[in-house]
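Asks: Let me give you the structure first, and then I'll get to my questions.
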Amino acid sequence: MHEQKQESPPTSILSKAFDVLGAFGPDHRVLTLTEIACASGLPKSTVHRLLGRLTELGVIEPHCAGFKVGLPLRRFASAMPIESLRQSALPHLGALHHWSRRHVHMATLRGDRVVFVERMMVPGHELPSADPGTDLPAHATALGKALLAFAPPDEVDSALAGPLHAVAPNTITDAAEFRAELAEVQRNRFAGARGESHPDVCCLAAPLLIRGRAVGALSVSSTAGERNSDRALIDAVRVTADRVATDNAKVLADGHEDWFPGRL
């Protein structure tokens, strides 16, 4: 007797709306209907209907011959607890960026992925840089090491439960070796990665610690040819992380204890 094959549920209108929104990005801020259809993989007729409704809601706004993400979405972004961390970090990230003359990133952990929250780039520098909202495997980044080194054991176990795939020549793919590096990061309160997420990228990262737990991490990145293990640079990254954590701890203590201990 043949087993009846279960059909996948139809894609919901909400999923399709997110497909439309997902077509936009830092390098694609204004798109035509055709460009949105190509990027989302949806038929033009479907995109046309969705754009009409999303425009009515203010989620999408017309812009010249195309469309852009609507300003009301800023309200949803500002409602995220992580936004308080980002806002308190901005002055300190700016100071580190100005002093180091390197790309600066801030990120948090979601499962086995590092999600980028903020970045400051060196103008004209071709060094790869992750857009805010994008993610990378935690085991392939200095940010991920800084976050996992101070995560609860069960979260570390979960993040390392599956295969550690190589995304660059120097990615650590052995779980035991990675755990040994996490122990070193915990002792020194900073992490390094050379050619682990990209062949040409080197990073130094430090955790943003509140009550011994990393609610986020920040990093500076450079090319493989630049010195990235200078003691002054390591100290600057750690001091910056401490200042951000101190400022955000005050925010949490000022009537926002419910934002902790869960991840921001």
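For the structure tokens, the naming scheme is as follows: chains receive sequential letters (A, B, ...) according to their order of presentation, residues are indexed from 1 within each chain, and ligands are indexed from 1 in presentation order.
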Hey, what's within 10 Å of range 159-166 of chain A if we count only C-alpha atoms and toss same-chain stuff fewer than 2 positions away? As a list in words, please?
Replies: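 The residues satisfying every condition are Leu109, Arg110, Gly111, Asp112, Arg113, Pro137, Ala138, His139, Ala140, Leu148, Pro153, Asp154, Glu155, Val156, Asp157, Ala168, Pro169, Asn170, Thr171, Ile172, Thr173, Asp174, Ala175, Ala176, Phe178, Arg179, Glu196 and Ser197 of chain A.
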Asks: Range 34-142 of chain A: which residues are alpha helix (DSSP H) by DSSP, as a PyMOL selection string?
Replies: chain A and resi 34-40+44-57+73-78+82-100+142
Asks: When distances are computed from only C-alpha atoms, which of A:Val185, A:Leu209, A:Val104, A:Ala65 shows the smallest separation from Leu90 in chain A?
Replies: A:Val104
Asks: Do you know which residues are at most 12 Å from Ala217 in chain A counting only C-alpha atoms, after dropping those on the same chain fewer than 4 positions away, and could you put them as a ChimeraX atom specification?
Replies: /A:82,85-86,89,93,104-109,114-119,138,141-151,189-191,204-210,213,237-238,240-242,244-245,264
Asks: Which of these, A:Lys16, A:Arg29, A:His98, A:His63, has the shortest distance to Leu42 in chain A once you count only C-alpha atoms?
Replies: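 Going through A:Lys16, A:Arg29, A:His98, A:His63 one by one, the smallest distance to Leu42 in chain A is for A:Lys16.
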Asks: For a test of reading the model, state the distance in Å between CA of Pro152 in chain A and CA of Val220 in chain A, rounded to one decimal.
Replies: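 So the answer is 25.0 Å.
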Asks: Using DSSP assignments from the backbone, pull out every residue in range 39-262 of chain A that falls under strand (DSSP E) and give it to me as an NGL selection string.
Replies: :A and (60-63 or 66-69 or 103-110 or 113-120 or 135-137 or 191-194 or 201-210 or 213-223)
Asks: If we count only C-alpha atoms, what is near His125 in chain A at a cut-off of 10 Å, once residues fewer than 6 positions away on the same chain are taken out, given as a list in words?
Replies: Arg102, His103, Ser222 and Thr223 of chain A
Asks: May I have the residues from that selection written out with N, CA and C atoms, as a PDB file, in the first residue's frame?
Replies:
```pdb
ATOM      1  N   ARG A 102      39.371  51.384  11.208  1.00  0.00           N
ATOM      2  CA  ARG A 102      38.977  50.054  10.734  1.00  0.00           C
ATOM      3  C   ARG A 102      37.449  49.948  10.724  1.00  0.00           C
ATOM      4  N   HIS A 103      36.956  48.968   9.986  1.00  0.00           N
ATOM      5  CA  HIS A 103      35.530  48.658  10.068  1.00  0.00           C
ATOM      6  C   HIS A 103      35.213  48.220  11.503  1.00  0.00           C
ATOM      7  N   SER A 222      40.084  43.994   9.721  1.00  0.00           N
ATOM      8  CA  SER A 222      41.152  44.506   8.867  1.00  0.00           C
ATOM      9  C   SER A 222      41.489  43.442   7.834  1.00  0.00           C
ATOM     10  N   THR A 223      42.360  43.796   6.922  1.00  0.00           N
ATOM     11  CA  THR A 223      42.790  42.826   5.917  1.00  0.00           C
ATOM     12  C   THR A 223      43.888  41.940   6.491  1.00  0.00           C
TER      13      THR A 223
END
```
Asks: To one decimal in Å, tell me the separation between CA of Pro132 in chain A and CA of Ala236 in chain A.
Replies: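 Computing it gives 22.6 Å between the two atoms.
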Asks: Neighbouring residues of Leu54 in chain A were defined as those with any atom within 8 Å, considering only C-alpha atoms; residues of the same chain fewer than 5 positions away were excluded. Please report them as a ChimeraX atom specification.
Replies: /A:17,59-60
